[in-house]
>>> print(open('run_9.cif').read())   # mmCIF, C-alpha atoms
data_entry
loop_
_atom_site.label_atom_id
_atom_site.label_comp_id
_atom_site.auth_asym_id
_atom_site.auth_seq_id
_atom_site.Cartn_x
_atom_site.Cartn_y
_atom_site.Cartn_z
CA MET A 1 21.79 19.65 -2.29
CA ALA A 2 23.79 17.83 0.35
CA LEU A 3 23.38 20.81 2.69
CA LEU A 4 19.61 20.69 2.20
CA ARG A 5 19.50 16.97 2.98
CA LYS A 6 21.56 17.46 6.14
CA GLY A 7 18.61 18.54 8.29
CA LEU A 8 16.09 16.00 7.03
CA ASP A 9 15.92 13.86 10.16
CA THR A 10 15.36 16.78 12.50
CA GLY A 11 13.47 19.04 10.11
CA ALA A 12 16.13 21.67 10.66
CA VAL A 13 17.32 23.83 7.81
CA ARG A 14 20.92 25.05 7.82
CA TRP A 15 19.80 28.59 7.07
CA LEU A 16 23.21 30.23 6.75
CA SER A 17 24.38 27.47 4.44
CA VAL A 18 21.36 27.44 2.13
CA GLY A 19 20.12 30.99 2.64
CA ILE A 20 21.68 32.30 -0.55
CA ASP A 21 19.80 29.69 -2.60
CA LEU A 22 16.56 30.30 -0.77
CA TYR A 23 16.55 34.09 -0.48
CA SER A 24 18.59 35.42 -3.42
CA ASP A 25 15.76 34.81 -5.91
CA TRP A 26 12.87 35.11 -3.46
CA PRO A 27 9.82 36.30 -5.47
CA ARG A 28 9.02 39.38 -3.38
CA GLU A 29 6.32 40.62 -5.75
CA THR A 30 4.25 37.47 -5.19
CA LEU A 31 5.38 36.15 -1.79
CA GLY A 32 6.35 39.37 -0.02
CA ASP A 33 9.41 40.38 1.93
CA PRO A 34 10.96 37.41 3.77
CA THR A 35 12.36 39.77 6.43
CA ASP A 36 8.91 41.17 7.34
CA GLU A 37 8.24 39.43 10.67
CA SER A 38 4.82 41.08 10.92
CA ASP A 39 3.59 39.29 7.78
CA TYR A 40 1.38 36.42 9.03
CA TYR A 41 2.05 34.36 5.89
CA ILE A 42 5.82 34.73 5.54
CA LYS A 43 6.86 32.02 8.00
CA PRO A 44 4.55 29.36 6.51
CA GLU A 45 5.79 30.36 3.03
CA ILE A 46 9.43 29.97 4.08
CA ARG A 47 8.69 26.67 5.81
CA ALA A 48 6.86 25.32 2.74
CA ILE A 49 9.61 26.34 0.32
CA ALA A 50 12.43 25.14 2.58
CA THR A 51 10.70 21.78 3.10
CA SER A 52 10.02 21.47 -0.62
CA LEU A 53 13.70 22.13 -1.38
CA GLN A 54 14.81 19.61 1.25
CA VAL A 55 12.46 16.97 -0.12
CA TYR A 56 13.62 17.71 -3.67
CA ALA A 57 17.26 17.31 -2.58
CA LEU A 58 16.34 13.89 -1.18
CA HIS A 59 14.33 12.97 -4.28
CA GLN A 60 17.11 13.96 -6.69
CA GLN A 61 19.96 12.32 -4.73
CA SER A 62 22.03 10.00 -6.96
CA LYS A 63 19.63 10.43 -9.89
CA SER A 64 20.79 11.42 -13.37
CA GLU A 65 17.27 12.16 -14.66
CA ALA A 66 15.29 15.09 -13.26
CA MET A 67 12.85 14.11 -10.53
CA ALA A 68 11.15 17.52 -10.61
CA TRP A 69 8.53 17.58 -13.35
CA MET A 70 8.29 20.81 -15.32
CA PRO A 71 5.48 21.64 -17.76
CA GLY A 72 6.69 21.78 -21.33
CA ARG A 73 9.83 19.73 -20.69
CA MET A 74 10.67 17.07 -23.23
CA ASP A 75 10.53 13.49 -22.01
CA ALA A 76 13.09 10.77 -22.77
CA THR A 77 11.51 10.07 -26.18
CA GLY A 78 11.73 13.73 -27.23
CA ALA A 79 7.97 14.26 -26.94
CA MET A 80 6.46 17.17 -25.03
CA SER A 81 5.16 16.27 -21.57
CA GLU A 82 1.48 15.26 -21.23
CA GLN A 83 0.38 18.45 -19.52
CA ALA A 84 2.06 20.71 -22.02
CA ASN A 85 0.04 18.99 -24.74
CA ASN A 86 -3.10 19.11 -22.56
CA VAL A 87 -3.50 15.33 -22.80
CA GLY A 88 -5.94 14.24 -20.14
CA PRO A 89 -7.41 16.25 -17.29
CA GLN A 90 -5.40 14.55 -14.57
CA ASN A 91 -2.12 15.92 -13.31
CA LEU A 92 0.08 12.88 -13.79
CA HIS A 93 2.83 14.41 -11.67
CA SER A 94 0.76 15.54 -8.69
CA PHE A 95 1.56 14.23 -5.24
CA GLY A 96 -1.57 12.05 -5.02
CA HIS A 97 -0.92 10.45 -8.41
CA ALA A 98 2.78 9.96 -7.59
CA CYS A 99 1.73 8.10 -4.42
CA PHE A 100 -0.45 5.83 -6.55
CA GLU A 101 2.53 5.24 -8.86
CA ILE A 102 4.76 4.07 -5.99
CA ASP A 103 2.00 1.82 -4.72
CA GLY A 104 3.01 -0.50 -7.52
CA LYS A 105 -0.34 -0.29 -9.31
CA GLN A 106 -1.49 -3.40 -7.52
CA ASP A 107 -4.37 -5.35 -9.08
CA ASP A 108 -6.62 -5.30 -6.02
CA LEU A 109 -5.99 -1.95 -4.34
CA GLY A 110 -9.64 -1.45 -3.49
CA SER A 111 -9.79 -4.37 -1.07
CA LYS A 112 -6.79 -3.55 1.07
CA VAL A 113 -4.99 -0.67 2.64
CA THR A 114 -1.48 -0.51 1.25
CA PRO A 115 1.56 0.82 3.14
CA ILE A 116 1.46 3.97 1.01
CA LEU A 117 -2.20 4.56 1.78
CA LYS A 118 -1.51 3.96 5.49
CA GLN A 119 1.15 6.69 5.42
CA LEU A 120 -1.25 9.09 3.72
CA GLN A 121 -3.99 8.26 6.23
CA SER A 122 -1.57 8.78 9.12
CA MET A 123 -0.71 12.24 7.81
CA GLU A 124 -4.40 13.09 7.60
CA ASP A 125 -5.14 11.66 11.06
CA PHE A 126 -2.39 13.78 12.64
CA PRO A 127 -2.04 16.84 10.40
CA ASP A 128 0.78 18.38 12.43
CA PHE A 129 3.31 19.72 9.92
CA ASP A 130 6.26 17.90 11.55
CA ASN A 131 4.36 14.59 11.38
CA ILE A 132 3.44 15.26 7.75
CA ARG A 133 7.04 16.08 6.90
CA HIS A 134 8.24 12.84 8.54
CA HIS A 135 5.89 10.76 6.37
CA LEU A 136 6.75 12.77 3.27
CA TYR A 137 10.43 11.84 3.56
CA SER A 138 9.55 8.16 3.49
CA LEU A 139 7.21 8.56 0.50
CA ILE A 140 9.73 10.68 -1.42
CA ARG A 141 12.42 8.03 -0.85
CA MET A 142 10.09 5.50 -2.45
CA MET A 143 9.41 7.87 -5.35
CA ARG A 144 13.16 8.22 -5.86
CA GLY A 145 13.56 4.44 -5.78
CA GLN A 146 10.96 3.99 -8.51
CA SER A 147 11.97 7.11 -10.50
CA VAL A 148 8.56 8.74 -10.12
CA SER A 149 8.73 12.46 -10.85
CA LEU A 150 6.80 15.14 -8.95
CA ASP A 151 5.44 18.58 -9.77
CA TYR A 152 7.26 20.56 -7.08
CA ASN A 153 5.46 23.79 -7.93
CA SER A 154 2.08 22.38 -6.87
CA PHE A 155 3.72 20.36 -4.08
CA ALA A 156 5.16 23.54 -2.48
CA ARG A 157 1.67 25.09 -2.59
CA ASP A 158 0.32 21.97 -0.88
CA LEU A 159 2.97 22.24 1.83
CA TYR A 160 1.95 25.83 2.43
CA ASP A 161 -1.77 24.98 2.63
CA LEU A 162 -1.13 22.05 4.99
CA GLN A 163 -0.05 24.53 7.66
CA PHE A 164 -3.51 26.09 7.99
CA PRO A 165 -6.52 24.24 9.47
CA ASN A 166 -8.96 25.84 7.01
CA SER A 167 -7.02 24.62 3.92
CA CYS A 168 -5.37 21.44 5.23
CA SER A 169 -8.38 19.19 4.59
CA SER A 170 -8.71 20.43 1.00
CA VAL A 171 -5.13 19.27 0.31
CA PHE A 172 -5.90 15.78 1.62
CA ASP A 173 -9.14 15.78 -0.39
CA ARG A 174 -7.23 16.63 -3.60
CA TRP A 175 -4.56 14.01 -2.86
CA ALA A 176 -7.30 11.41 -2.31
CA ARG A 177 -8.99 12.33 -5.61
CA GLU A 178 -5.67 12.13 -7.48
CA TYR A 179 -4.75 8.81 -5.84
CA PHE A 180 -8.11 7.08 -6.26
CA ASN A 181 -8.83 8.54 -9.70
CA ALA A 182 -5.57 6.98 -10.92
CA GLN A 183 -6.75 3.69 -9.43
CA VAL A 184 -10.14 3.92 -11.18
CA ASN A 185 -8.45 4.82 -14.49
CA GLN A 186 -6.15 1.79 -14.16
CA THR A 187 -9.09 -0.55 -13.40
CA ASN A 188 -11.11 0.84 -16.34
CA ALA A 189 -8.12 0.41 -18.69
CA LYS A 190 -7.69 -3.23 -17.56
CA ASP A 191 -11.42 -3.88 -18.06
CA ARG A 192 -11.31 -2.43 -21.59
CA SER A 193 -8.23 -4.46 -22.53
CA SER A 194 -9.76 -7.70 -21.22
CA GLU A 195 -12.93 -7.08 -23.29
CA GLU A 196 -10.91 -6.74 -26.52
#
>>> encode(input="run_9.cif", output="structure tokens")
Amino acid sequence: MALLRKGLDTGAVRWLSVGIDLYSDWPRETLGDPTDESDYYIKPEIRAIATSLQVYALHQQSKSEAMAWMPGRMDATGAMSEQANNVGPQNLHSFGHACFEIDGKQDDLGSKVTPILKQLQSMEDFPDFDNIRHHLYSLIRMMRGQSVSLDYNSFARDLYDLQFPNSCSSVFDRWAREYFNAQVNQTNAKDRSSEE
């Protein structure tokens, strides 16, 4: 994990140090051969997975509980996770929802742009992968600080899609829906509790 975190500031991956972890279990049947330089998709796949692993290493640093959410994993109370029980349609561990969680669930989010929302907007305004990665590190540090877990399986897919102009905007659209849907759900819950 420390080797993965080492290149965070520059975006560099210490390939010969982490290569065994990255390539020994590479799912060739679904992602292809990582040595096939002619495969148009292989470099974005490697970049997405390497970035996801680096971000996870940052997210998990100094944490005793798992920061990577896994479907079907028991929570601290011994209950099955929400998604494994199919409770609610919303992915409570998606990147957009996790960003809402670190926003502190402020009472009046609709009337102001929060620092978290500014970071998300900056990524969308300049969707260069290096710029996105820079903002992600800051957001993941905040998630770690507030012990907000993340579904790294869907997050790695998002990182892959962010590298292509034709799918990049759909990732930001999904993040926005996850972020603002969580906000609407919180407001509706507060309204219901105040009526009771």
>>> resolve_selection(input="run_9.cif", expression="the PyMOL selection byres ((chain A and resi 174) around 12)", output="JSON, numbers by chain")
{"A": [90, 91, 94, 95, 96, 97, 154, 155, 158, 161, 162, 167, 168, 169, 170, 171, 172, 173, 175, 176, 177, 178, 179, 180, 181]}
>>> residues_around(input="run_9.cif", residues="range 27-36 of chain A", least_positions_apart="2", cutoff="12 Å", atoms="all atoms listed in the file", output="PyMOL selection string")
chain A and resi 19+22-25+38-49+157+160
>>> resolve_selection(input="run_9.cif", expression="the PyMOL selection byres ((chain A and resi 148-152) around 10)", output="ChimeraX atom specification")
/A:49,52-53,55-56,59-60,65-71,91-99,101-102,140,142-147,153-158
>>> residues_around(input="run_9.cif", residues="range 120-132 of chain A", least_positions_apart="4", cutoff="7 Å", atoms="only C-alpha atoms", output="list in words")
Ile116, Leu136, Gln163 and Phe172 of chain A
>>> atom_distance(input="run_9.cif", atom1="CA of Ala50 in chain A", atom2="CA of Pro165 in chain A")
20.2 Å
>>> atom_distance(input="run_9.cif", atom1="CA of Arg141 in chain A", atom2="CA of Lys63 in chain A")
11.8 Å
